[in-house]
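A.B. asks: Structure supplied as input38.cif; contents: mmCIF, C-alpha atoms and all ligand atoms.
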```
data_model
#
loop_
_atom_site.label_atom_id
_atom_site.label_comp_id
_atom_site.auth_asym_id
_atom_site.auth_seq_id
_atom_site.Cartn_x
_atom_site.Cartn_y
_atom_site.Cartn_z
CA MET A 295 20.83 0.82 -9.93
CA ARG A 296 22.81 1.94 -12.98
CA ARG A 297 24.58 5.26 -12.59
CA VAL A 298 24.93 7.78 -15.40
CA LEU A 299 27.24 10.79 -15.19
CA VAL A 300 26.10 13.54 -17.55
CA THR A 301 28.21 16.68 -17.88
CA GLY A 302 27.67 20.10 -19.50
CA PHE A 303 29.95 23.11 -19.93
CA GLU A 304 30.03 26.65 -18.59
CA PRO A 305 29.74 29.47 -21.20
CA PHE A 306 32.73 30.33 -23.39
CA GLY A 307 33.68 32.37 -26.43
CA GLY A 308 31.76 35.47 -25.38
CA GLU A 309 28.42 33.66 -24.86
CA THR A 310 26.55 34.22 -21.59
CA THR A 311 25.04 30.74 -21.46
CA ASN A 312 26.04 27.31 -22.68
CA PRO A 313 23.05 25.25 -23.89
CA SER A 314 24.87 22.03 -23.02
CA TRP A 315 24.59 22.77 -19.29
CA GLU A 316 21.18 24.45 -19.63
CA ALA A 317 19.80 21.26 -21.20
CA VAL A 318 21.73 18.84 -18.97
CA LYS A 319 20.64 20.53 -15.74
CA SER A 320 16.99 20.13 -16.76
CA LEU A 321 17.26 16.32 -17.02
CA PRO A 322 15.31 14.26 -14.46
CA ASP A 323 16.93 12.49 -11.48
CA THR A 324 16.30 9.07 -12.98
CA ILE A 325 15.79 7.71 -16.50
CA ASP A 326 14.62 4.12 -17.02
CA GLY A 327 15.59 3.28 -13.45
CA ALA A 328 19.13 4.67 -13.73
CA GLY A 329 20.30 7.46 -11.42
CA LEU A 330 21.69 10.59 -13.06
CA ASP A 331 24.57 12.64 -11.67
CA LEU A 332 24.77 16.03 -13.40
CA LEU A 333 28.01 18.01 -13.38
CA GLN A 334 28.95 21.39 -14.87
CA VAL A 335 32.58 21.70 -15.97
CA PRO A 336 34.76 24.64 -16.98
CA VAL A 337 35.84 25.24 -20.58
CA THR A 338 39.51 24.67 -19.81
CA PHE A 339 41.94 22.15 -21.19
CA GLY A 340 43.15 19.80 -18.45
CA VAL A 341 40.93 21.03 -15.60
CA SER A 342 37.68 19.86 -17.22
CA GLY A 343 39.14 16.41 -17.84
CA ASP A 344 40.60 16.25 -14.32
CA MET A 345 37.22 17.15 -12.79
CA VAL A 346 35.28 14.52 -14.69
CA VAL A 347 37.88 11.81 -14.11
CA ALA A 348 37.86 12.66 -10.37
CA ARG A 349 34.06 12.31 -10.31
CA MET A 350 34.30 8.98 -12.16
CA ARG A 351 36.78 7.67 -9.58
CA GLU A 352 34.50 8.85 -6.77
CA THR A 353 31.17 7.50 -8.04
CA SER A 354 32.03 4.74 -10.59
CA PRO A 355 29.32 5.58 -13.13
CA ASP A 356 28.37 2.83 -15.59
CA ILE A 357 27.79 5.38 -18.34
CA VAL A 358 29.44 8.77 -18.93
CA ILE A 359 27.89 11.16 -21.44
CA CYS A 360 29.52 14.56 -21.84
CA VAL A 361 27.65 17.31 -23.65
CA GLY A 362 28.99 20.47 -25.28
CA GLN A 363 27.92 23.33 -27.53
CA ALA A 364 28.79 23.24 -31.23
CA ALA A 365 27.77 26.55 -32.82
CA GLY A 366 26.87 26.15 -36.47
CA ARG A 367 25.57 22.60 -36.23
CA CYS A 368 21.91 22.17 -37.16
CA GLY A 369 20.96 19.27 -34.89
CA ILE A 370 22.21 17.17 -32.02
CA THR A 371 25.33 15.22 -32.98
CA VAL A 372 26.64 12.07 -31.34
CA GLU A 373 30.41 11.95 -31.64
CA ARG A 374 32.08 8.81 -32.99
CA VAL A 375 35.71 9.45 -32.07
CA ALA A 376 38.06 11.40 -29.78
CA ILE A 377 41.66 12.01 -30.88
CA ASP A 378 44.83 12.51 -28.81
CA ILE A 379 45.27 16.11 -29.94
CA ALA A 380 44.69 19.43 -28.18
CA ASP A 381 45.02 22.22 -30.71
CA SER A 382 43.25 25.55 -30.79
CA GLU A 383 43.90 29.06 -32.03
CA SER A 384 41.19 30.40 -29.72
CA GLU A 385 41.93 30.49 -26.02
CA ASP A 386 39.97 28.45 -23.50
CA ASN A 387 38.48 30.16 -20.43
CA ALA A 388 41.89 29.99 -18.70
CA GLY A 389 43.71 31.59 -21.63
CA LEU A 390 45.27 28.35 -22.93
CA SER A 391 45.60 27.74 -26.66
CA PRO A 392 47.63 24.53 -27.09
CA ALA A 393 49.21 23.71 -30.45
CA ASP A 394 49.49 20.06 -31.53
CA GLU A 395 49.73 18.79 -27.95
CA PRO A 396 48.67 15.31 -26.87
CA VAL A 397 45.64 15.12 -24.54
CA VAL A 398 47.33 12.20 -22.76
CA ASP A 399 51.07 11.75 -23.27
CA GLY A 400 51.70 8.38 -24.86
CA GLY A 401 47.97 7.63 -25.21
CA PRO A 402 46.54 5.87 -28.25
CA ALA A 403 45.89 8.10 -31.29
CA ALA A 404 42.13 7.83 -30.83
CA TYR A 405 39.30 6.24 -28.89
CA LEU A 406 35.94 5.34 -30.40
CA ALA A 407 32.84 6.21 -28.38
CA THR A 408 31.51 3.17 -26.56
CA LEU A 409 27.92 4.46 -26.63
CA PRO A 410 25.65 2.80 -29.19
CA ILE A 411 25.91 5.90 -31.39
CA LYS A 412 23.55 4.85 -34.19
CA ASP A 413 20.86 3.74 -31.72
CA CYS A 414 21.23 7.08 -29.93
CA VAL A 415 20.70 8.94 -33.21
CA GLU A 416 17.60 6.87 -34.00
CA ALA A 417 16.18 7.41 -30.51
CA SER A 418 16.57 11.16 -30.71
CA ARG A 419 14.95 11.21 -34.15
CA ALA A 420 12.09 9.04 -32.85
CA ALA A 421 11.56 11.68 -30.14
CA GLY A 422 11.24 14.24 -32.94
CA VAL A 423 14.64 15.83 -32.46
CA PRO A 424 17.08 16.13 -35.42
CA CYS A 425 20.23 14.13 -34.74
CA SER A 426 23.15 12.60 -36.62
CA VAL A 427 26.56 11.02 -36.08
CA SER A 428 29.55 13.36 -36.16
CA ASN A 429 32.93 12.01 -37.16
CA SER A 430 34.94 14.78 -35.50
CA ALA A 431 34.61 16.31 -32.04
CA GLY A 432 37.23 18.88 -33.09
CA THR A 433 40.50 19.52 -31.26
CA TYR A 434 39.23 21.94 -28.61
CA VAL A 435 38.07 21.29 -25.03
CA CYS A 436 35.21 18.91 -25.93
CA ASN A 437 37.43 16.47 -27.80
CA GLN A 438 39.88 16.62 -24.89
CA LEU A 439 37.12 15.75 -22.40
CA MET A 440 35.77 12.90 -24.51
CA TYR A 441 39.30 11.51 -24.85
CA ARG A 442 39.98 11.75 -21.09
CA VAL A 443 36.73 9.93 -20.24
CA LEU A 444 37.34 7.10 -22.71
CA HIS A 445 41.00 6.82 -21.66
CA GLU A 446 39.99 6.59 -17.99
CA GLN A 447 37.42 3.89 -18.75
CA ALA A 448 39.96 1.99 -20.87
CA VAL A 449 42.75 2.03 -18.30
CA SER A 450 40.60 1.55 -15.18
CA GLY A 451 38.29 -1.09 -16.65
CA LEU A 452 35.45 0.66 -14.79
CA GLY A 453 32.33 1.82 -16.57
CA VAL A 454 30.59 0.34 -19.55
CA MET A 455 29.96 3.22 -21.92
CA GLY A 456 31.34 6.67 -22.59
CA GLY A 457 30.89 9.29 -25.25
CA PHE A 458 30.12 12.83 -26.21
CA VAL A 459 27.11 14.67 -27.60
CA HIS A 460 27.22 18.14 -29.17
CA VAL A 461 24.16 20.39 -29.17
CA PRO A 462 23.59 23.44 -31.41
CA LEU A 463 23.19 26.96 -30.09
CA SER A 464 19.93 27.48 -28.19
CA SER A 465 17.13 29.52 -29.75
CA SER A 466 17.77 32.33 -27.27
CA GLN A 467 21.46 32.54 -28.26
CA ALA A 468 20.46 32.83 -31.91
CA LEU A 469 17.66 35.40 -31.49
CA THR A 470 19.70 38.15 -33.10
CA ARG A 471 21.64 35.81 -35.42
CA PRO A 472 18.98 34.80 -37.94
CA GLN A 473 21.45 32.98 -40.20
CA THR A 474 22.69 30.76 -37.34
CA PRO A 475 21.13 27.33 -36.76
CA SER A 476 19.61 26.81 -33.32
CA MET A 477 17.36 24.52 -31.30
CA SER A 478 15.05 25.05 -28.32
CA LEU A 479 16.30 23.86 -24.93
CA GLY A 480 13.16 21.71 -24.69
CA ALA A 481 14.09 19.85 -27.87
CA MET A 482 17.67 19.41 -26.66
CA ARG A 483 16.43 18.01 -23.39
CA ALA A 484 14.10 15.58 -25.19
CA GLY A 485 16.92 14.43 -27.47
CA LEU A 486 19.33 13.97 -24.57
CA GLU A 487 16.71 12.08 -22.57
CA ALA A 488 16.19 9.70 -25.49
CA ILE A 489 19.96 9.23 -25.81
CA VAL A 490 20.45 8.52 -22.09
CA SER A 491 17.51 6.11 -22.14
CA THR A 492 18.98 4.23 -25.12
CA CYS A 493 22.32 3.87 -23.35
CA VAL A 494 20.72 2.71 -20.10
CA ARG A 495 18.62 0.12 -21.89
CA SER A 496 21.59 -1.31 -23.79
CA CYS A 497 23.97 -1.24 -20.81
N1 LIG B 1 32.00 23.37 -26.69
C1 LIG B 1 33.44 23.41 -26.92
C2 LIG B 1 34.05 23.39 -25.55
C3 LIG B 1 32.95 23.68 -24.59
C4 LIG B 1 31.71 23.56 -25.37
O1 LIG B 1 30.56 23.64 -24.92
C5 LIG B 1 33.94 22.35 -27.89
O2 LIG B 1 33.17 21.92 -28.76
O3 LIG B 1 35.10 21.97 -27.82
#
```
Translate this file's structure into structure tokens.
C.D. replies:
Amino acid sequence: MRRVLVTGFEPFGGETTNPSWEAVKSLPDTIDGAGLDLLQVPVTFGVSGDMVVARMRETSPDIVICVGQAAGRCGITVERVAIDIADSESEDNAGLSPADEPVVDGGPAAYLATLPIKDCVEASRAAGVPCSVSNSAGTYVCNQLMYRVLHEQAVSGLGVMGGFVHVPLSSSQALTRPQTPSMSLGAMRAGLEAIVSTCVRSC
């Protein structure tokens, strides 16, 4: 049985929920015969990467898909690349705000997602959920986590696919922010399910 590790984040930046975890925790136990392991991680540089890498070493998932919130984006976005930079003026949940630091000392400048990103986008669209490729996961905690996952897969040789998916704010987060793009948790879940299914079928 294929194993898929899917992660979501705790709330940050003054929000009381994070739609990445709300959507991830609603995924089924299995998709297309693959077993899902769902993990919530903190919005902290270092610790979030350490937690996911530890889980990968424990359970050897074939596929790792990390999910995070990207306020301001209109649809689901499948990230193409993670860069070896941690840089943020806003603090993470532990009060860290690194400037121009490497995610992994001496690591390559970037890793490309090993998920079939275009097929994932098409699958989400076919499920009726707006989705596109993003060419930057930023330089905050999400980029750091994507980089750590791809670095671990590259150096350990374990696992087949890794990548990162950003979701917009949920409709409930945007209720009083009418100018802010949002999506229902049900649509996010449907898009993520289509993405996981695509990865499992091409693994
Ligand atoms: N989004 C942030 C970190 C946690 C999350 O959900 C990001 O895009 O870096």
A.B. asks: Do you have, as JSON lines, the list of residues of chain A lying at most 10 Å from ligand LIG 1 (chain B), each with its nearest atom pair and that distance in Å to one decimal, counting all atoms listed in the file and ordered by chain then number?
C.D. replies:
```
{"residue": "A:Gly302", "atom": "CA", "partner": "B:LIG1", "partner_atom": "O1", "distance": 7.1}
{"residue": "A:Phe303", "atom": "CA", "partner": "B:LIG1", "partner_atom": "O1", "distance": 5.1}
{"residue": "A:Glu304", "atom": "CA", "partner": "B:LIG1", "partner_atom": "O1", "distance": 7.0}
{"residue": "A:Pro305", "atom": "CA", "partner": "B:LIG1", "partner_atom": "O1", "distance": 7.0}
{"residue": "A:Phe306", "atom": "CA", "partner": "B:LIG1", "partner_atom": "C3", "distance": 6.8}
{"residue": "A:Gly307", "atom": "CA", "partner": "B:LIG1", "partner_atom": "C3", "distance": 8.9}
{"residue": "A:Thr311", "atom": "CA", "partner": "B:LIG1", "partner_atom": "O1", "distance": 9.6}
{"residue": "A:Asn312", "atom": "CA", "partner": "B:LIG1", "partner_atom": "O1", "distance": 6.2}
{"residue": "A:Pro313", "atom": "CA", "partner": "B:LIG1", "partner_atom": "O1", "distance": 7.7}
{"residue": "A:Ser314", "atom": "CA", "partner": "B:LIG1", "partner_atom": "O1", "distance": 6.2}
{"residue": "A:Trp315", "atom": "CA", "partner": "B:LIG1", "partner_atom": "O1", "distance": 8.3}
{"residue": "A:Val335", "atom": "CA", "partner": "B:LIG1", "partner_atom": "C3", "distance": 8.9}
{"residue": "A:Pro336", "atom": "CA", "partner": "B:LIG1", "partner_atom": "C3", "distance": 7.9}
{"residue": "A:Val337", "atom": "CA", "partner": "B:LIG1", "partner_atom": "C3", "distance": 5.2}
{"residue": "A:Thr338", "atom": "CA", "partner": "B:LIG1", "partner_atom": "C2", "distance": 8.0}
{"residue": "A:Phe339", "atom": "CA", "partner": "B:LIG1", "partner_atom": "C2", "distance": 9.1}
{"residue": "A:Ser342", "atom": "CA", "partner": "B:LIG1", "partner_atom": "C3", "distance": 9.6}
{"residue": "A:Cys360", "atom": "CA", "partner": "B:LIG1", "partner_atom": "O1", "distance": 9.6}
{"residue": "A:Val361", "atom": "CA", "partner": "B:LIG1", "partner_atom": "O1", "distance": 7.1}
{"residue": "A:Gly362", "atom": "CA", "partner": "B:LIG1", "partner_atom": "O1", "distance": 3.6}
{"residue": "A:Gln363", "atom": "CA", "partner": "B:LIG1", "partner_atom": "O1", "distance": 3.7}
{"residue": "A:Ala364", "atom": "CA", "partner": "B:LIG1", "partner_atom": "O2", "distance": 5.2}
{"residue": "A:Ala365", "atom": "CA", "partner": "B:LIG1", "partner_atom": "N1", "distance": 8.1}
{"residue": "A:Ala380", "atom": "CA", "partner": "B:LIG1", "partner_atom": "O3", "distance": 9.9}
{"residue": "A:Ser382", "atom": "CA", "partner": "B:LIG1", "partner_atom": "O3", "distance": 9.4}
{"residue": "A:Asp386", "atom": "CA", "partner": "B:LIG1", "partner_atom": "C2", "distance": 8.1}
{"residue": "A:Asn387", "atom": "CA", "partner": "B:LIG1", "partner_atom": "C3", "distance": 9.5}
{"residue": "A:Ser430", "atom": "CA", "partner": "B:LIG1", "partner_atom": "O2", "distance": 10.0}
{"residue": "A:Ala431", "atom": "CA", "partner": "B:LIG1", "partner_atom": "O2", "distance": 6.7}
{"residue": "A:Gly432", "atom": "CA", "partner": "B:LIG1", "partner_atom": "O3", "distance": 6.5}
{"residue": "A:Thr433", "atom": "CA", "partner": "B:LIG1", "partner_atom": "O3", "distance": 6.9}
{"residue": "A:Tyr434", "atom": "CA", "partner": "B:LIG1", "partner_atom": "O3", "distance": 4.2}
{"residue": "A:Val435", "atom": "CA", "partner": "B:LIG1", "partner_atom": "O3", "distance": 4.1}
{"residue": "A:Cys436", "atom": "CA", "partner": "B:LIG1", "partner_atom": "O3", "distance": 3.6}
{"residue": "A:Asn437", "atom": "CA", "partner": "B:LIG1", "partner_atom": "O3", "distance": 6.0}
{"residue": "A:Gln438", "atom": "CA", "partner": "B:LIG1", "partner_atom": "O3", "distance": 7.7}
{"residue": "A:Leu439", "atom": "CA", "partner": "B:LIG1", "partner_atom": "O3", "distance": 8.5}
{"residue": "A:Met440", "atom": "CA", "partner": "B:LIG1", "partner_atom": "O3", "distance": 9.7}
{"residue": "A:Phe458", "atom": "CA", "partner": "B:LIG1", "partner_atom": "O2", "distance": 9.9}
{"residue": "A:Val459", "atom": "CA", "partner": "B:LIG1", "partner_atom": "O2", "distance": 9.5}
{"residue": "A:His460", "atom": "CA", "partner": "B:LIG1", "partner_atom": "O2", "distance": 7.1}
{"residue": "A:Val461", "atom": "CA", "partner": "B:LIG1", "partner_atom": "O1", "distance": 8.3}
{"residue": "A:Pro462", "atom": "CA", "partner": "B:LIG1", "partner_atom": "O1", "distance": 9.5}
{"residue": "A:Leu463", "atom": "CA", "partner": "B:LIG1", "partner_atom": "O1", "distance": 9.6}
```
A.B. asks: Enter the distance from atom CA of Ala348 of chain A to atom CA of Arg442 of chain A, in Å, rounded to one decimal.
C.D. replies: 11.0 Å
A.B. asks: Let me make sure I understand: among A:Ile325, A:Cys493, A:Leu452, A:Leu330, which one has the smallest atom-to-atom distance to Cys414 of chain A if we use only C-alpha atoms?
C.D. replies: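 Nearest candidate to Cys414 of chain A out of A:Ile325, A:Cys493, A:Leu452, A:Leu330: A:Cys493.
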A.B. asks: For Asp413 of chain A, which residue out of A:Val449, A:Met455, A:Val346, A:Ala488 is the nearest one, using all atoms listed in the file?
C.D. replies: A:Ala488
A.B. asks: I'd like the interatomic distance between atom CA of Gly456 of chain A and atom CA of Asp356 of chain A, to a tenth of an Å.
C.D. replies: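 Atom CA of Asp356 of chain A lies at a distance of 8.5 Å from atom CA of Gly456 of chain A.
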A.B. asks: Work out how far apart atom CA of Ile370 of chain A and atom CA of Ala448 of chain A are and give it in Å to one decimal.
C.D. replies: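 These atoms are spaced 25.9 Å apart.
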A.B. asks: Show me, as a list in words, the residues that have an atom within 12 Å of Pro410 of chain A when counting only C-alpha atoms, minus same-chain residues fewer than 6 positions from it.
C.D. replies: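 Non-adjacent residues within range: Ile357, Ile359, Val372, Glu373, Arg374, Glu416, Ala417, Val427, Val454, Met455, Gly456, Gly457, Phe458, Ile489, Val490, Ser491, Thr492, Cys493, Val494, Arg495, Ser496 and Cys497 of chain A.
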A.B. asks: Which one of A:Arg349, A:Ser465, A:Glu385, A:Leu444 sits closest to Gly401 of chain A if you count all atoms listed in the file?
C.D. replies: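 Using all atoms listed in the file, the shortest distance to Gly401 of chain A belongs to A:Leu444.
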A.B. asks: Which residue out of A:Glu487, A:Thr371, A:Thr324, A:Met295 has the minimum interatomic distance to Cys425 of chain A when only C-alpha atoms are used?
C.D. replies: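 Checking each of A:Glu487, A:Thr371, A:Thr324, A:Met295 against Cys425 of chain A, counting only C-alpha atoms, the winner is A:Thr371.
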A.B. asks: List as a list in words the protein and nucleic acid residues near Gly453 of chain A, meaning an atom at most 12 Å away when all atoms listed in the file are counted, but skip any in the same chain fewer than 5 places from it.
C.D. replies: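 So the residues in contact are Arg296, Arg297, Val298, Leu299, Val347, Met350, Arg351, Thr353, Ser354, Pro355, Asp356, Ile357, Val358, Ile359, Thr408, Leu409, Val443, Leu444, His445, Glu446, Gln447, Ala448 and Cys497 of chain A.
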